[in-house]
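As stored in input_2.cif (mmCIF, C-alpha atoms):
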data_data
loop_
_atom_site.group_PDB
_atom_site.id
_atom_site.type_symbol
_atom_site.label_atom_id
_atom_site.label_comp_id
_atom_site.auth_asym_id
_atom_site.auth_seq_id
_atom_site.Cartn_x
_atom_site.Cartn_y
_atom_site.Cartn_z
ATOM 1 C CA MET U 1 7.460 -18.754 -4.053
ATOM 2 C CA ASN U 2 5.597 -19.975 -0.990
ATOM 3 C CA TYR U 3 1.838 -20.277 -0.733
ATOM 4 C CA GLY U 4 0.232 -19.499 2.589
ATOM 5 C CA SER U 5 -3.192 -20.639 3.667
ATOM 6 C CA SER U 6 -6.278 -18.474 3.895
ATOM 7 C CA SER U 7 -7.017 -16.983 7.303
ATOM 8 C CA ARG U 8 -9.516 -14.988 9.290
ATOM 9 C CA SER U 9 -8.674 -11.544 10.564
ATOM 10 C CA SER U 10 -6.520 -12.019 13.690
ATOM 11 C CA GLY U 11 -4.256 -10.169 16.100
ATOM 12 C CA PHE U 12 -4.581 -6.418 15.554
ATOM 13 C CA GLY U 13 -7.446 -7.160 13.144
ATOM 14 C CA ASN U 14 -9.654 -8.654 15.837
ATOM 15 C CA ARG U 15 -9.352 -5.460 17.841
ATOM 16 C CA THR U 16 -10.057 -3.076 14.968
ATOM 17 C CA SER U 17 -13.204 -4.464 13.346
ATOM 18 C CA ARG U 18 -16.471 -6.065 14.367
ATOM 19 C CA ARG U 19 -16.743 -7.766 10.964
ATOM 20 C CA SER U 20 -15.667 -11.366 10.516
ATOM 21 C CA VAL U 21 -13.631 -11.366 7.324
ATOM 22 C CA GLU U 22 -12.028 -14.328 5.603
ATOM 23 C CA TYR U 23 -8.828 -13.448 3.782
ATOM 24 C CA GLY U 24 -7.740 -15.433 0.760
ATOM 25 C CA ARG U 25 -4.422 -17.116 0.068
ATOM 26 C CA THR U 26 -1.208 -15.242 0.864
ATOM 27 C CA TYR U 27 1.709 -15.627 -1.553
ATOM 28 C CA VAL U 28 5.282 -15.088 -0.348
ATOM 29 C CA VAL U 29 8.287 -14.400 -2.590
ATOM 30 C CA LYS U 30 11.380 -15.211 -0.562
ATOM 31 C CA PRO U 31 14.528 -13.075 -0.919
ATOM 32 C CA LYS U 32 17.178 -14.664 -3.129
ATOM 33 C CA GLY U 33 19.992 -12.866 -1.311
ATOM 34 C CA ARG U 34 20.562 -11.414 2.166
ATOM 35 C CA HIS U 35 17.178 -10.484 3.644
ATOM 36 C CA GLN U 36 17.128 -6.711 4.214
ATOM 37 C CA ALA U 37 13.509 -5.685 3.700
ATOM 38 C CA THR U 38 9.955 -7.046 3.665
ATOM 39 C CA ILE U 39 7.189 -5.364 1.691
ATOM 40 C CA VAL U 40 3.517 -6.310 1.738
ATOM 41 C CA TRP U 41 2.034 -5.705 -1.726
ATOM 42 C CA LEU U 42 -1.737 -5.315 -2.108
ATOM 43 C CA HIS U 43 -3.620 -6.124 -5.308
ATOM 44 C CA GLY U 44 -6.450 -4.145 -6.864
ATOM 45 C CA LEU U 45 -10.214 -4.732 -6.814
ATOM 46 C CA GLY U 46 -11.244 -8.201 -7.973
ATOM 47 C CA ASP U 47 -7.663 -9.482 -8.201
ATOM 48 C CA ASN U 48 -5.629 -11.750 -5.909
ATOM 49 C CA GLY U 49 -2.130 -11.998 -4.465
ATOM 50 C CA ALA U 50 -0.916 -14.493 -7.059
ATOM 51 C CA SER U 51 -0.808 -12.102 -10.024
ATOM 52 C CA TRP U 52 1.386 -9.523 -8.294
ATOM 53 C CA SER U 53 3.639 -12.134 -6.685
ATOM 54 C CA GLN U 54 4.551 -13.341 -10.181
ATOM 55 C CA ILE U 55 5.490 -9.802 -11.234
ATOM 56 C CA LEU U 56 7.415 -8.981 -8.061
ATOM 57 C CA GLU U 57 9.382 -12.234 -8.273
ATOM 58 C CA THR U 58 11.029 -10.935 -11.467
ATOM 59 C CA LEU U 59 12.286 -7.660 -9.973
ATOM 60 C CA PRO U 60 16.027 -7.112 -9.531
ATOM 61 C CA HIS U 61 15.918 -6.884 -5.734
ATOM 62 C CA PRO U 62 17.161 -10.166 -4.250
ATOM 63 C CA ASN U 63 17.181 -8.676 -0.721
ATOM 64 C CA ILE U 64 13.421 -8.049 -0.515
ATOM 65 C CA LYS U 65 10.826 -10.496 0.766
ATOM 66 C CA TRP U 66 7.442 -9.820 -0.827
ATOM 67 C CA ILE U 67 4.197 -10.778 0.922
ATOM 68 C CA CYS U 68 1.146 -10.720 -1.351
ATOM 69 C CA PRO U 69 -2.116 -11.370 0.511
ATOM 70 C CA THR U 70 -5.525 -11.804 -1.084
ATOM 71 C CA ALA U 71 -8.381 -9.572 0.047
ATOM 72 C CA PRO U 72 -11.660 -10.907 1.446
ATOM 73 C CA THR U 73 -14.598 -11.392 -0.910
ATOM 74 C CA ARG U 74 -17.261 -8.822 -0.028
ATOM 75 C CA PRO U 75 -20.102 -6.821 -1.609
ATOM 76 C CA VAL U 76 -18.793 -3.665 -3.270
ATOM 77 C CA ALA U 77 -21.040 -0.665 -3.853
ATOM 78 C CA SER U 78 -19.273 0.398 -7.045
ATOM 79 C CA PHE U 79 -20.126 -3.045 -8.482
ATOM 80 C CA GLY U 80 -23.795 -2.633 -7.652
ATOM 81 C CA GLY U 81 -23.416 -4.662 -4.476
ATOM 82 C CA PHE U 82 -21.971 -7.714 -6.221
ATOM 83 C CA SER U 83 -19.170 -9.487 -4.367
ATOM 84 C CA CYS U 84 -15.510 -9.590 -5.339
ATOM 85 C CA THR U 85 -12.142 -9.472 -3.608
ATOM 86 C CA ALA U 86 -11.803 -6.006 -2.062
ATOM 87 C CA TRP U 87 -9.843 -4.459 0.791
ATOM 88 C CA PHE U 88 -12.843 -2.323 1.757
ATOM 89 C CA ASP U 89 -16.203 -1.235 0.360
ATOM 90 C CA ALA U 90 -15.909 1.528 -2.210
ATOM 91 C CA GLY U 91 -18.661 3.416 -3.932
ATOM 92 C CA ASP U 92 -16.288 5.701 -5.799
ATOM 93 C CA PHE U 93 -12.612 5.244 -6.660
ATOM 94 C CA SER U 94 -11.567 8.686 -5.503
ATOM 95 C CA GLU U 95 -10.899 10.902 -2.510
ATOM 96 C CA GLU U 96 -14.451 12.239 -2.792
ATOM 97 C CA GLY U 97 -16.121 8.882 -2.182
ATOM 98 C CA PRO U 98 -17.423 7.851 1.250
ATOM 99 C CA ASP U 99 -14.747 6.288 3.450
ATOM 100 C CA ASP U 100 -15.299 2.760 4.783
ATOM 101 C CA ILE U 101 -13.176 3.352 7.911
ATOM 102 C CA GLU U 102 -14.033 0.002 9.490
ATOM 103 C CA GLY U 103 -13.101 -1.902 6.338
ATOM 104 C CA MET U 104 -9.868 0.069 5.860
ATOM 105 C CA ASP U 105 -8.926 -0.396 9.527
ATOM 106 C CA ALA U 106 -9.442 -4.157 9.197
ATOM 107 C CA SER U 107 -7.265 -4.393 6.081
ATOM 108 C CA ALA U 108 -4.567 -2.088 7.490
ATOM 109 C CA ALA U 109 -4.535 -4.248 10.636
ATOM 110 C CA HIS U 110 -4.241 -7.427 8.549
ATOM 111 C CA VAL U 111 -1.208 -5.935 6.796
ATOM 112 C CA ALA U 112 0.288 -4.923 10.153
ATOM 113 C CA ASN U 113 -0.231 -8.513 11.363
ATOM 114 C CA LEU U 114 1.693 -9.834 8.364
ATOM 115 C CA LEU U 115 4.612 -7.493 9.081
ATOM 116 C CA SER U 116 4.608 -7.946 12.862
ATOM 117 C CA THR U 117 6.508 -11.258 12.788
ATOM 118 C CA GLU U 118 9.411 -9.990 10.678
ATOM 119 C CA PRO U 119 12.866 -9.780 12.357
ATOM 120 C CA ALA U 120 13.640 -6.535 14.177
ATOM 121 C CA ASN U 121 16.505 -5.581 11.857
ATOM 122 C CA ILE U 122 14.384 -5.824 8.680
ATOM 123 C CA LYS U 123 13.030 -2.678 7.017
ATOM 124 C CA LEU U 124 9.264 -2.816 6.461
ATOM 125 C CA GLY U 125 7.112 -1.349 3.717
ATOM 126 C CA ILE U 126 3.649 -1.468 2.154
ATOM 127 C CA GLY U 127 2.756 -1.016 -1.504
ATOM 128 C CA GLY U 128 -0.174 -1.651 -3.741
ATOM 129 C CA PHE U 129 -2.083 -1.107 -6.954
ATOM 130 C CA SER U 130 -5.388 0.799 -7.222
ATOM 131 C CA MET U 131 -7.470 -0.126 -4.141
ATOM 132 C CA GLY U 132 -4.332 -1.767 -2.750
ATOM 133 C CA ALA U 133 -2.538 1.561 -3.124
ATOM 134 C CA ALA U 134 -5.365 3.214 -1.184
ATOM 135 C CA ILE U 135 -4.766 0.824 1.733
ATOM 136 C CA ALA U 136 -1.004 1.415 1.539
ATOM 137 C CA LEU U 137 -1.604 5.169 1.813
ATOM 138 C CA TYR U 138 -4.190 4.689 4.547
ATOM 139 C CA SER U 139 -1.631 2.600 6.455
ATOM 140 C CA ALA U 140 0.840 5.450 6.049
ATOM 141 C CA THR U 141 -1.606 7.884 7.649
ATOM 142 C CA CYS U 142 -2.188 5.425 10.532
ATOM 143 C CA TYR U 143 1.570 5.146 11.035
ATOM 144 C CA ILE U 144 2.009 8.930 10.984
ATOM 145 C CA HIS U 145 -0.889 9.471 13.394
ATOM 146 C CA GLY U 146 0.215 6.553 15.578
ATOM 147 C CA LYS U 147 -3.206 4.900 15.552
ATOM 148 C CA PHE U 148 -5.836 3.303 13.341
ATOM 149 C CA GLY U 149 -8.978 5.211 12.438
ATOM 150 C CA ASN U 150 -10.769 3.804 15.503
ATOM 151 C CA GLY U 151 -8.024 4.937 17.891
ATOM 152 C CA ILE U 152 -6.199 1.634 18.466
ATOM 153 C CA PRO U 153 -2.386 2.164 18.379
ATOM 154 C CA TYR U 154 -0.636 1.407 15.073
ATOM 155 C CA PRO U 155 2.077 -1.167 15.858
ATOM 156 C CA ILE U 156 4.493 -1.108 12.890
ATOM 157 C CA ASN U 157 7.448 1.134 12.058
ATOM 158 C CA LEU U 158 7.281 1.730 8.287
ATOM 159 C CA SER U 159 10.253 2.483 6.037
ATOM 160 C CA VAL U 160 8.546 2.956 2.629
ATOM 161 C CA ILE U 161 5.101 3.353 1.053
ATOM 162 C CA ILE U 162 4.351 2.796 -2.657
ATOM 163 C CA GLY U 163 1.130 3.384 -4.561
ATOM 164 C CA PHE U 164 0.408 2.633 -8.239
ATOM 165 C CA SER U 165 -2.765 4.043 -9.840
ATOM 166 C CA GLY U 166 -4.427 4.693 -6.491
ATOM 167 C CA TRP U 167 -5.851 7.431 -4.297
ATOM 168 C CA LEU U 168 -5.558 8.772 -0.752
ATOM 169 C CA PRO U 169 -8.552 7.911 1.478
ATOM 170 C CA CYS U 170 -9.617 10.242 4.309
ATOM 171 C CA TYR U 171 -7.657 13.092 2.758
ATOM 172 C CA ARG U 172 -9.734 15.813 4.429
ATOM 173 C CA SER U 173 -8.415 14.940 7.891
ATOM 174 C CA LEU U 174 -4.796 14.163 6.986
ATOM 175 C CA LYS U 175 -3.274 17.559 7.708
ATOM 176 C CA SER U 176 -4.898 17.771 11.149
ATOM 177 C CA LYS U 177 -3.617 14.252 11.952
ATOM 178 C CA VAL U 178 -0.055 15.255 11.038
ATOM 179 C CA GLU U 179 -0.200 18.501 13.000
ATOM 180 C CA VAL U 180 -1.466 16.794 16.155
ATOM 181 C CA SER U 181 2.055 16.138 17.512
ATOM 182 C CA HIS U 182 5.756 16.716 16.875
ATOM 183 C CA ASP U 183 6.194 12.945 16.417
ATOM 184 C CA ALA U 184 3.578 12.909 13.652
ATOM 185 C CA ILE U 185 5.238 15.867 11.910
ATOM 186 C CA ARG U 186 8.619 14.122 12.137
ATOM 187 C CA ARG U 187 7.290 10.802 10.814
ATOM 188 C CA ALA U 188 5.495 12.494 7.904
ATOM 189 C CA ALA U 189 8.610 14.427 6.919
ATOM 190 C CA ALA U 190 10.828 11.334 7.010
ATOM 191 C CA LEU U 191 8.659 8.566 5.491
ATOM 192 C CA PRO U 192 9.617 7.834 1.845
ATOM 193 C CA VAL U 193 6.471 7.690 -0.316
ATOM 194 C CA LEU U 194 6.299 6.954 -4.054
ATOM 195 C CA LEU U 195 3.110 7.490 -6.062
ATOM 196 C CA CYS U 196 2.915 6.555 -9.747
ATOM 197 C CA HIS U 197 -0.058 7.296 -12.005
ATOM 198 C CA GLY U 198 -0.832 7.036 -15.696
ATOM 199 C CA ARG U 199 -2.299 10.100 -17.393
ATOM 200 C CA GLY U 200 -4.559 7.795 -19.409
ATOM 201 C CA ASP U 201 -6.062 6.021 -16.380
ATOM 202 C CA ASP U 202 -9.852 5.794 -16.881
ATOM 203 C CA VAL U 203 -10.596 3.834 -13.685
ATOM 204 C CA VAL U 204 -8.845 5.878 -11.004
ATOM 205 C CA MET U 205 -8.547 9.125 -12.897
ATOM 206 C CA TYR U 206 -5.177 10.833 -13.139
ATOM 207 C CA GLU U 207 -6.649 13.884 -11.409
ATOM 208 C CA GLN U 208 -7.281 11.722 -8.332
ATOM 209 C CA GLY U 209 -3.634 10.741 -8.166
ATOM 210 C CA GLU U 210 -2.608 14.352 -8.663
ATOM 211 C CA LYS U 211 -4.930 15.485 -5.855
ATOM 212 C CA SER U 212 -3.504 12.810 -3.559
ATOM 213 C CA ALA U 213 0.006 14.050 -4.281
ATOM 214 C CA GLU U 214 -0.993 17.651 -3.513
ATOM 215 C CA VAL U 215 -2.597 16.665 -0.202
ATOM 216 C CA LEU U 216 0.432 14.625 0.892
ATOM 217 C CA ARG U 217 2.811 17.469 0.105
ATOM 218 C CA SER U 218 0.673 20.066 1.878
ATOM 219 C CA ALA U 219 0.391 17.780 4.930
ATOM 220 C CA GLY U 220 4.160 17.726 5.364
ATOM 221 C CA PHE U 221 5.271 14.590 3.520
ATOM 222 C CA GLN U 222 8.663 15.917 2.453
ATOM 223 C CA ASN U 223 10.275 12.642 1.326
ATOM 224 C CA PHE U 224 7.701 12.207 -1.416
ATOM 225 C CA SER U 225 7.856 11.508 -5.153
ATOM 226 C CA PHE U 226 5.019 11.609 -7.713
ATOM 227 C CA LYS U 227 5.785 10.086 -11.114
ATOM 228 C CA THR U 228 3.418 10.331 -14.075
ATOM 229 C CA TYR U 229 3.284 8.446 -17.382
ATOM 230 C CA ASN U 230 1.812 9.735 -20.614
ATOM 231 C CA GLY U 231 -0.647 7.315 -22.236
ATOM 232 C CA LEU U 232 -0.558 4.812 -19.373
ATOM 233 C CA GLY U 233 -3.974 3.461 -18.383
ATOM 234 C CA HIS U 234 -5.043 1.495 -15.320
ATOM 235 C CA TYR U 235 -2.137 -0.939 -15.487
ATOM 236 C CA THR U 236 1.614 -0.879 -15.051
ATOM 237 C CA SER U 237 4.428 -0.532 -17.581
ATOM 238 C CA PRO U 238 8.143 -1.384 -17.861
ATOM 239 C CA GLU U 239 9.030 2.298 -17.430
ATOM 240 C CA GLU U 240 6.993 2.532 -14.233
ATOM 241 C CA MET U 241 8.495 -0.680 -12.834
ATOM 242 C CA ASP U 242 11.999 0.528 -13.686
ATOM 243 C CA ASP U 243 11.386 3.814 -11.827
ATOM 244 C CA PHE U 244 9.993 1.813 -8.908
ATOM 245 C CA CYS U 245 13.089 -0.406 -8.740
ATOM 246 C CA LYS U 246 15.479 2.551 -8.830
ATOM 247 C CA TRP U 247 13.496 4.370 -6.134
ATOM 248 C CA LEU U 248 13.465 1.302 -3.857
ATOM 249 C CA ARG U 249 17.199 0.809 -4.217
ATOM 250 C CA MET U 250 17.849 4.431 -3.307
ATOM 251 C CA LYS U 251 15.358 4.755 -0.422
ATOM 252 C CA MET U 252 15.943 1.400 1.239
ATOM 253 C CA GLY U 253 19.737 1.266 0.926
ATOM 254 C CA LEU U 254 19.676 -2.232 -0.496
ATOM 255 C CA ASP U 255 22.715 -4.268 -1.458
ATOM 256 C CA GLY U 256 23.687 -4.325 -5.115
ATOM 257 C CA SER U 257 20.801 -5.474 -7.309
ATOM 258 C CA ARG U 258 20.611 -7.127 -10.676
ATOM 259 C CA SER U 259 19.995 -4.937 -13.708
ATOM 260 C CA TYR U 260 16.342 -4.790 -14.665
#
Once you've parsed the file, please lay out its structure as structure tokens.
Amino acid sequence: MNYGSSSRSSGFGNRTSRRSVEYGRTYVVKPKGRHQATIVWLHGLGDNGASWSQILETLPHPNIKWICPTAPTRPVASFGGFSCTAWFDAGDFSEEGPDDIEGMDASAAHVANLLSTEPANIKLGIGGFSMGAAIALYSATCYIHGKFGNGIPYPINLSVIIGFSGWLPCYRSLKSKVEVSHDAIRRAAALPVLLCHGRGDDVVMYEQGEKSAEVLRSAGFQNFSFKTYNGLGHYTSPEEMDDFCKWLRMKMGLDGSRSY
């Protein structure tokens, strides 16, 4: 595992946000076999990249490079304005909450920056947990629409999107963004998306995950899977990780992987 340094928002990020944000340490899990794919994985509220890098390092996919950044520390409305690591400001962990477009654009641009230096023949993806899943899904909508929320072109060609225990931001405008062009319709239909949610989640309620799945399907995301887990709260489980590994192997066409 490699440990990157902290950095300010740069590249695409400088053009998408007026805020000066300081990102924390980025953790990189190098592929143990032939490098075929790179996935940026985004942690949840108050967490950091280290915890997920340790989990992802154990997965049976030696051909994937995992990049696990740490979000900036910022005031968060749902915490009464107290500061913690967060990809954007959130007053409510659901589709119904107000959308911090500027904050989501900045984080989506930071992720795009991290993927922009990968070799041209490498498949690229974004995944995350909770608030990290929200940014992964927001990035998917930017990719489909071809631009960030502020209109700046989205620069990355995505191969997969994964969200654990999260929600879809800006869901009200998704269908109109997909229907805006034939290219958007084609990208939405082709992009593999996996959402996983526990029925016992008391932080991001299961109903929020279910609503996100319904919106994605109705907007034309045809290569989409929604997996649910009885009794699972706001955390992951071996069953969920096993489903995730099988889905990745199938959707990304990876070389033979170790058994999990």
For this session: May I have the protein, DNA and RNA residues with an atom at most 8 Å from (-9.6, 3.0, 0.0), counting all atoms listed in the file in the file's coordinates, returned as JSON, numbers by chain?
Result: {"U": [87, 88, 89, 90, 93, 99, 100, 104, 131, 132, 133, 134, 135, 138, 167, 168, 169]}
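Using all atoms listed in the file, the smallest distance between any of U:Gly231, U:Pro69, U:Gly81, U:Gly128 and Leu114 of chain U comes from U:Pro69.
For the pair atom CA of Ala86 of chain U and atom CA of Met252 of chain U, the separation is 28.9 Å.
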Problem set entry | Near-Trp66 of chain U list (8 Å; all atoms listed in the file; drop same-chain fewer than 5 positions) as a count of residues only | 10
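Considering all atoms listed in the file, the residue among U:Asn157, U:Gln222, U:Thr141, U:Ser130 positioned nearest to Lys177 of chain U is U:Thr141.
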For this session: Find the spatial neighbours of Ile144 of chain U, counting all atoms listed in the file, within a cut-off of 7 Å - ignore same-chain residues fewer than 6 positions away - and output them as a list of chain:residue names.
Result: U:Val178, U:Ala184, U:Arg187, U:Ala188
For this session: Taking the file as shown, find all residues satisfying the PyMOL selection byres ((chain U and resi 48) around 9) and write them as a list in words.
Result: Gly24, Arg25, Thr26, Leu42, His43, Gly44, Leu45, Gly46, Asp47, Gly49, Ala50, Ser51, Trp52, Cys68, Pro69, Thr70, Ala71 and Thr85 of chain U
For this session: With the file shown as input, list the residues that the PyMOL selection byres ((chain U and resi 151) around 12) selects, as a PyMOL selection string.
Result: chain U and resi 15-17+101-102+105+142-143+145-150+152-155+177
Problem set entry | Residues returned when the PyMOL selection byres ((chain U and resi 112) around 10) runs on this file, as a VMD selection string | chain U and resid 11 to 13 40 106 to 111 113 to 117 124 126 139 154 to 158
For this session: Could you jot down the atom CA of Pro72 of chain U to atom CA of Ile122 of chain U separation for me, Å, one decimal place?
Result: 27.5 Å
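Each of U:Ala140, U:Gly166, U:Arg74, U:Phe244 was checked against Glu210 of chain U using only C-alpha atoms; the smallest atom-to-atom distance is that of U:Gly166.
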Would you give the centre and edge lengths, in Å to one decimal, of a box along x, y and z around the listed atoms of segment 136-152 of chain U, with 3 Å added to each side, as JSON?
{"center_x": -4.4, "center_y": 5.4, "center_z": 10.0, "size_x": 18.8, "size_y": 14.1, "size_z": 22.9}
Problem set entry | Long-range neighbours of Asp242 of chain U as a PyMOL selection string, 12 Å cut-off, all atoms listed in the file, 5 positions minimum in chain | chain U and resi 56+58-61+196+227+236-237+247-249+258-260
